[in-house]
Protein chains: 4
Amino acid sequence: MRFFSDNAASVHPKVWDALKGADAPDAAYDGDALSARLDAAFSELFGVECAALWVATGTAANCLALAALCPPHGGVLCHREAHIEVDEGGAPGFYTHGAKLMLVDGEGAKVCPQALAAAIDPIRNDVHQVQPQALSITQATEYGRVYTPAEIAALAAFAEERKLGLHIDGARFANAVAHLGCAPIEACRGAATLSFGCVKNGGMNAETLVLFDPALAGLVKYRRKRAGHLQSKGRFAAAQVLAMLERGLWLDNARAANSAAQEIAQACGERLLHPVEANEIFVALSPAEAAALRGQGFDFYDWPAPPGHPGAARLVTSWNSDPAHVVALARAIRGL
Amino acid sequence: MRFFSDNAASVHPKVWDALKGADAPDAAYDGDALSARLDAAFSELFGVECAALWVATGTAANCLALAALCPPHGGVLCHREAHIEVDEGGAPGFYTHGAKLMLVDGEGAKVCPQALAAAIDPIRNDVHQVQPQALSITQATEYGRVYTPAEIAALAAFAEERKLGLHIDGARFANAVAHLGCAPIEACRGAATLSFGCVKNGGMNAETLVLFDPALAGLVKYRRKRAGHLQSKGRFAAAQVLAMLERGLWLDNARAANSAAQEIAQACGERLLHPVEANEIFVALSPAEAAALRGQGFDFYDWPAPPGHPGAARLVTSWNSDPAHVVALARAIRGL
Amino acid sequence: MRFFSDNAASVHPKVWDALKGADAPDAAYDGDALSARLDAAFSELFGVECAALWVATGTAANCLALAALCPPHGGVLCHREAHIEVDEGGAPGFYTHGAKLMLVDGEGAKVCPQALAAAIDPIRNDVHQVQPQALSITQATEYGRVYTPAEIAALAAFAEERKLGLHIDGARFANAVAHLGCAPIEACRGAATLSFGCVKNGGMNAETLVLFDPALAGLVKYRRKRAGHLQSKGRFAAAQVLAMLERGLWLDNARAANSAAQEIAQACGERLLHPVEANEIFVALSPAEAAALRGQGFDFYDWPAPPGHPGAARLVTSWNSDPAHVVALARAIRGL
Amino acid sequence: MRFFSDNAASVHPKVWDALKGADAPDAAYDGDALSARLDAAFSELFGVECAALWVATGTAANCLALAALCPPHGGVLCHREAHIEVDEGGAPGFYTHGAKLMLVDGEGAKVCPQALAAAIDPIRNDVHQVQPQALSITQATEYGRVYTPAEIAALAAFAEERKLGLHIDGARFANAVAHLGCAPIEACRGAATLSFGCVKNGGMNAETLVLFDPALAGLVKYRRKRAGHLQSKGRFAAAQVLAMLERGLWLDNARAANSAAQEIAQACGERLLHPVEANEIFVALSPAEAAALRGQGFDFYDWPAPPGHPGAARLVTSWNSDPAHVVALARAIRGL
C-alpha cells in the first residue's frame, strides 16, 4: 500500500486513450494539431489570454520560467524549502546561468510579503549585491499548504511593487484549486508564469508551462529547444495535457487525492504537523510507530523530525489511491 | 504519403505494449526495476561494460555527452552540417557552458582524420586559443552515410592520439548497424559516449545515452537532473528502450526503413546526391518535378539545391513506411 | 628592435603622470571623481551622448558588449579571423553564456553586408537554429585594414535592418581614426557598443567600453562587477583613459604608430600582403629572409604563409617605435 | 580623515617604483620576466611548491579558484556574510556556471567544522540535491577576525574528510599573518587555493591567486584568459606583487594597519562588537555619536546595528593611515 508519492502513480485511463489517439503521424515537434490547441485550451481554462508549452518535467517548466523572468546576474526569491532550492539538483542555476536563489522562511513553506520585504529590504541597490528580480512560490506548497486567492493577490501586489516577476510552481496546482474551490485563475492571478502539473495528477511525462504574458513564448520556445526539451513527437505530450483538461479531469483527479488525504488526516488528530489542504499529510510518528505501520504493509517516506517529536513521516495520496488502502491506513494510524 | 521524416512516425506496437506493461507504480525517477536493467541490457548488446541513461530527446543525449567530455573552455570538433551545429538551437553551448563547436568539412557530412588534423593542427597550444577536447560524429550521418568499422577505428585512433573524447550521435545508429551488418560495437568502438536513438525508430519519447566509461555515469546523472531531464515516471522511458532491444526490434525496424529507402533509391538513378546507406534519400529534383510528386500525394522536405541542380529534396523512410507508398513513390520518381 | 606587437609597449609619460596624479584616496570602485568624468569625456569626443566604463582588457570590453547585445541562445556574426573568435580563449562563450559566433569571410578580416547576408539568409527562422542577434566588426581589423565611414554606414544599416546589435572591437580604433582623418563618430556611427582601445596605444591596463545607448550602462555595470572587473581603485583606470583623451594624445600616439608603419610599408613594395592603413604590416617573407632580419636584430612574429608564398611575417609599430629602428627595418627589408 | 576602507588607499612608494621599473617592453601577457618569477616567489614564501597567477581583483581571484574546485552542479560552503556571497555581485555563480553557495553561520563571520557538518549532513547523497564540493573561508574574515593555525588545521581536516576543496579568500591575508605572527603557511595550510591580497595592502590593481596544487595552474590559466583577466602588459601586475613580497613589505604594511587598528580599539572599550585582530574595527555607535564623529572630520561606513544597539559603524585602517588621524580618532571616540 503505497503512500510514497503521487509522482510515480499510474497513468489515468483517459490519458492512455489520448496517447493512443495521438499515434498517427503528424507534424514533428510542436507543429502538430494537438500542440496547436494548447494556447487556446489554457486561455479558456484561465479566462485570460496565455501561451502554454509542454515539457517533460516540472523542473524544466520551473527553470525555463525562472530563466525568462530573471537575468543571469539577478536573484529569485523563494522559500527555504522550495522544490527549486532543495530538490532540483541545481537546475535553477543551470537554466538561469547562475542567478541566485534568495531564501525566505515561512510556516508550511509559505511565504508572505512581510518575510519577503525583510529579506530584500537590506539589499543595497548597487552592483556589489545581487538584486532580486523574481519571486517563486509553490501552490500547493511542499507541505501541502494552499495560498488563498487573497494571499495570492497580496503576493502578486508585492511582486508588482518590487518589480519581481512572479512564478508559481504548480506541480500540485490542481490540488490547490480543488481545495479552494475557486476559479483556476484565482489561485494564480498575477503570476507571469505557472508550472501546471500533470504528471503527479495522472499524466505520464508531460507538464505545462503557462505564460500569462504570451509575448514570453517566443523566448521560452527557443530556450526549451536549447535545453533539449523539444520532443519530436510532441503530440504525445500535448495529448496528455489536453486529456487532463477535458471535462475537468484534472480537478476530478485532484479532488480524489485530496479527499483521500482528508480521510487520513481525520485519523491523525494531534499528530498532524501541518493543516492538510492538498494531498500530503505530515505526521509526527515515532520510529516504532513508523515501523508498526510498515509492518502492516504501508509504504511512505520518513521526514525530518520537527523539534519536540521523535520522528515524522510524509504520506501522499494520489488520484487513484485505493479507497481500501486509505481506510486501512486511517484505521492503522488511529490504532497506534 | 509521408516521407517527411522518421521523427514523427507512429509508435511501434511492442513499444505500446511495454508502456502499458509499465503502468503499475514503481519507485520514482530511475529507481524503478526497468531503469535498473538498462546498464546490463546495453552491456550485453555491445559486449562491453557500459552505463545507459534514458533521456527524452537526442539533443539532451548529445549535449549531456558533450558536457561530460569537454570543459566549458574547450572545443568540440564536428562536421559543419552536424545536427549539434545546425539543428539543436545552440543546446551544445548551453550544456557545455559555452564550449566552442569547431567545424570541419567532409563529403556526406562525414569527417576523416585528415580533415580533423587540418582543422586543429594550426591551433596554438596557448590560452588565447580554444583547445579541442572532444570529437562528435554522427552515425549514420545527416546525409544518411554510414561510417564503416574501419573508418570508426581510424577516427577513434585519431581521437585517442589527440586526447579527444569521442562522442557518437546515433539518432539513426540502428540504421547504420543494419546497413553494416556488423556487431553493434563495431559501429562505435572507441567512442566514450553514444546517443542511441529510439524515437526515430519506433519509440515515443525516450532516447538512451550510452557511456562506455561507466565511471562517467555519476557525473552525467547529476547533469541529467540539473537539466530537468530526470522524469519522475522514468519507468515509461526505460520500458520503451528495453522493448526496442528485445529480440532485436531496433534492428528489425531499422532494416525495414533501410529496405524501403533502397527501393526508392533504385528508382532514383542519376538523381541520387549521396549513396543511400540508411533511410534517407537525397535527390536532385527540379521545382516542377517536386510539385509533380506532391501533386501525386507525396510529402517531403525540399533541400538546398547543390551546385548544378535546380533543386533537391530529402526523402525519409521509417520503420513502418507503407510498402504501397514506397512502391508508388519509386514508380512516380521513375516516371518523372 | 621590437616589432612584435603594440600590446607590450611602454606606457606613455602623460599616462604615468595621470596615474601618479590619481594616487590620493578617493571613493572606491567607480565612485571616484575621475571615473565620474568618463561619460562626459566620451560624449564630447563622439558628439553624442554615451556611457563609458573602464575595464582591464579588450577581451573584457568586447565580451561585456556582446553579452549586452546577444542573449545566451543567440548568435554573433563576426569575421572568421576576428580576435573574439581566434584569440580570446573562448571568452565570448563565457560572457554570453554560450551564444554562438557565426563566422563570415572577407578580405583583410573585413566583412561586408553581402557576405553577412549570405551567411544568415539560409538560417531558418525556427527554434532549431540559432538566430543571429549581433554583429561584431573590428576597426581597424586584425590585418590592419580600416573601414571607411561609408562602409561603417553600410554595415550599420544592415545591422539595423536585420535587428542586429552592432559592436565594434576598437582595440586599434585610434589607428583607424588617425588613418581616416575623420571625426571619431564617423568611424563607428551606428554601433551600439565600442571597445575603445588604450593599452596598445600607450596605456598600462585600462580599456574603455563605450555604450552609445547609455541605457545599457545599468546592465553592463552589474555584469562588469559579476565578471570581477570592477577594480576597487578604479581611479587609476579612469586616469589612464582620461589622459589618453586629453589634447588628443590618443590620436597623436596612433598617428606616430601609423606613420612608422607607412615608412616600413614603403620599403616592402610587392611583399605587402595587405594595404597598410593602420600600424600593422603583413609581408611575404621567406624563412631565410626572416632569419636574415632576425640576424640583424629585428624581432617580429611569423605569420601563416598565404598561398603562393613560402612564408610571411607580421610587423607592428607602436606609439613609441624608435625612429632609428624603423629606418633600419625599412632599409633591411629593402636590402633583402 | 578617511576610515572608510583600505581598498581605496594610496599605492605604496615601493610599488610605484616597481611599476616604473617594469616600463620597458617585455613579452606580452604573462610571458614576461616578472610574471615568470611569481611561482618561485610564492613557493619560497610558503615553503611549499605552488603556482601563482596575478589578476586584477579579489573577486576574480576568488571566483577563478571556486571554479577550479567546484563543478557547475556542485556547491560551495561559506559563511552567510562571506564576501563571495554578499559583495561580489553574483560572480561565483558566473564563474562556476551556476554552482550554489551554501551558507553557514558563525560568530565574526568565522565558520567551524561543527557548523559545516550541521549544514551538510542532512544533504541526501542523491542527484536531487546539490552536493557540497568546496569550502571557502576568509582569512581575516569580513569582521576582521583571524583563524588560528589550529582552527585552519581543523577546517582543512574537515575539508579533506568531506572531500571539499578548500579555498581561502585572503583579501586581508597579510593582516591575518601579521596578527598571528606565524609562518605564512600556518595561516593557510591545507588550502588548495588562496587569494593573496595586495590591493588593500598598498597595491594598485593586482591580486594573486596562489594554487597549492600547481597542477591546477593549467586549467586556471585558460579560465583566466577566458574571463578577460589576462592583461597584455602583465608585467605591471607582476611587478606590484613582487614588490609586496620583497623584504616583507606585505607584512610591514599589514602590521602598520593592524597597529593603527589596535590603537583605535583601545579607545573603544565596551563599544567593540568584535575582537580586533586585523585592521577593521566594528563599534556600537548611536546615530548621534556617528554624526558627532563625522562632524569632527572622520569618514567611515555605517553598519547594520546589532540587536540591542541603536547603531554601529565600521572603521578600517590602512597601511598608511596617518598616525595623527588615528590618534585623533581614538581621542574622539574616548570623548563621546
# chains A, B, ... in the order shown; residues from 1 in each chain; ligands from 1

call {"tool": "interface_residues", "arguments": {"of": "chain C", "to": "chain D", "cutoff": "6 Å", "atoms": "only C-alpha atoms", "output": "MDAnalysis selection string"}}
result
chainID C and resid 7:10 23:25 28 57 59:60 89:91 225:228 231:233

call {"tool": "residues_around", "arguments": {"residues": "stretch 312-319 of chain C", "least_positions_apart": "5", "cutoff": "7 Å", "atoms": "only C-alpha atoms", "output": "PyMOL selection string"}}
result
chain C and resi 3-6+9+201-202+253-254+256-257+260-261+279-286+300-305

call {"tool": "closest_atom_pairs", "arguments": {"of": "stretch 52-86 of chain C", "to": "stretch 175-192 of chain C", "cutoff": "10 Å", "atoms": "only C-alpha atoms", "output": "tab-separated table"}}
result
residue	atom	partner	partner_atom	distance
C:Ala65	CA	C:Ala192	CA	8.6
C:Ala68	CA	C:Ala192	CA	9.7
C:Leu69	CA	C:Ala192	CA	8.2

call {"tool": "select_by_dssp", "arguments": {"residues": "stretch 182-321 of chain D", "states": "strand (DSSP E)", "output": "MDAnalysis selection string"}}
result
chainID D and resid 193:196 207:211 280:284 301:303 312:316

call {"tool": "write_last_selection", "arguments": {"atoms": "N, CA and C atoms", "output": "compact mmCIF listing (two decimals), in the first residue's frame"}}
result
# COMPACT_ATOMS: atom_id res chain seq x y z
N THR D 193 43.66 26.58 -2.63
CA THR D 193 43.80 27.86 -3.32
C THR D 193 43.70 29.00 -2.31
N LEU D 194 44.40 30.08 -2.61
CA LEU D 194 44.41 31.25 -1.73
C LEU D 194 44.41 32.52 -2.58
N SER D 195 43.45 33.39 -2.31
CA SER D 195 43.52 34.73 -2.90
C SER D 195 44.39 35.57 -1.98
N PHE D 196 45.55 35.92 -2.47
CA PHE D 196 46.53 36.64 -1.67
C PHE D 196 46.39 38.13 -1.99
N GLU D 207 46.07 41.40 -7.67
CA GLU D 207 45.97 40.41 -6.61
C GLU D 207 46.64 39.15 -7.11
N THR D 208 46.84 38.20 -6.23
CA THR D 208 47.47 36.95 -6.65
C THR D 208 46.60 35.77 -6.27
N LEU D 209 46.43 34.88 -7.20
CA LEU D 209 45.77 33.62 -6.91
C LEU D 209 46.85 32.56 -6.75
N VAL D 210 46.99 32.06 -5.52
CA VAL D 210 48.01 31.04 -5.23
C VAL D 210 47.35 29.67 -5.29
N LEU D 211 47.98 28.78 -6.05
CA LEU D 211 47.45 27.42 -6.23
C LEU D 211 48.42 26.45 -5.57
N GLU D 280 40.22 46.03 10.96
CA GLU D 280 38.85 46.51 10.94
C GLU D 280 38.31 46.58 12.37
N ILE D 281 37.59 47.64 12.66
CA ILE D 281 37.03 47.84 13.98
C ILE D 281 35.53 48.06 13.82
N PHE D 282 34.76 47.20 14.47
CA PHE D 282 33.30 47.33 14.43
C PHE D 282 32.85 47.81 15.80
N VAL D 283 32.18 48.95 15.80
CA VAL D 283 31.82 49.56 17.08
C VAL D 283 30.34 49.92 17.13
N ALA D 284 29.78 49.79 18.34
CA ALA D 284 28.44 50.31 18.57
C ALA D 284 28.54 51.83 18.63
N TYR D 301 32.02 54.01 7.31
CA TYR D 301 30.73 53.43 6.91
C TYR D 301 29.87 53.12 8.13
N ASP D 302 28.57 53.42 8.02
CA ASP D 302 27.62 52.86 8.98
C ASP D 302 27.53 51.37 8.76
N TRP D 303 27.14 50.69 9.79
CA TRP D 303 26.98 49.23 9.69
C TRP D 303 25.63 48.86 10.29
N ALA D 312 25.70 51.21 14.55
CA ALA D 312 27.06 50.66 14.54
C ALA D 312 27.83 51.28 13.39
N ALA D 313 29.12 51.10 13.45
CA ALA D 313 29.97 51.63 12.39
C ALA D 313 31.15 50.69 12.16
N ARG D 314 31.69 50.76 10.93
CA ARG D 314 32.92 50.03 10.63
C ARG D 314 34.02 51.05 10.37
N LEU D 315 35.13 50.87 11.07
CA LEU D 315 36.31 51.72 10.89
C LEU D 315 37.42 50.85 10.35
N VAL D 316 38.06 51.30 9.30
CA VAL D 316 39.12 50.50 8.70
C VAL D 316 40.38 51.34 8.60

call {"tool": "select_by_dssp", "arguments": {"residues": "stretch 74-301 of chain A", "states": "alpha helix (DSSP H)", "output": "PyMOL selection string"}}
result
chain A and resi 83-86+91-95+113-120+149-161+173-180+216-226+235-245+249-268+287-295

call {"tool": "atom_distance", "arguments": {"atom1": "atom CA of A:Arg334", "atom2": "atom CA of A:Ser321"}}
result
19.0 Å

call {"tool": "residues_around", "arguments": {"residues": "D:Val48", "least_positions_apart": "4", "cutoff": "10 Å", "atoms": "only C-alpha atoms", "output": "list in words"}}
result
Ala40, Phe42, Ser43, Glu44, Ile185, Arg189, Phe212 and Asp213 of chain D

call {"tool": "residues_around", "arguments": {"residues": "stretch 111-120 of chain D", "least_positions_apart": "5", "cutoff": "12 Å", "atoms": "only C-alpha atoms", "output": "PyMOL selection string"}}
result
chain D and resi 75-82+101-106+125+129-142+145-148+150-162+164

call {"tool": "residues_around", "arguments": {"residues": "A:Gly335", "least_positions_apart": "5", "cutoff": "10 Å", "atoms": "only C-alpha atoms", "output": "short mmCIF file (atom, residue, chain, number, x, y, z; two decimals) with C-alpha atoms, in the first residue's frame"}}
result
data_model
loop_
_atom_site.label_atom_id
_atom_site.label_comp_id
_atom_site.auth_asym_id
_atom_site.auth_seq_id
_atom_site.Cartn_x
_atom_site.Cartn_y
_atom_site.Cartn_z
CA ALA A 267 -7.38 9.86 11.73
CA LEU A 293 2.76 0.90 10.04
CA LEU A 329 -4.19 3.44 6.75
CA ALA A 330 -6.62 5.68 8.64
#

call {"tool": "atom_distance", "arguments": {"atom1": "atom CA of C:Glu107", "atom2": "atom CA of C:Phe46"}}
result
28.5 Å

call {"tool": "atom_distance", "arguments": {"atom1": "atom CA of A:Arg271", "atom2": "atom CA of A:Gly308"}}
result
12.0 Å

call {"tool": "closest_residue", "arguments": {"among": "A:Val220, A:Leu66, A:Met244, A:Gly197", "to": "A:Leu166", "atoms": "only C-alpha atoms"}}
result
A:Leu66
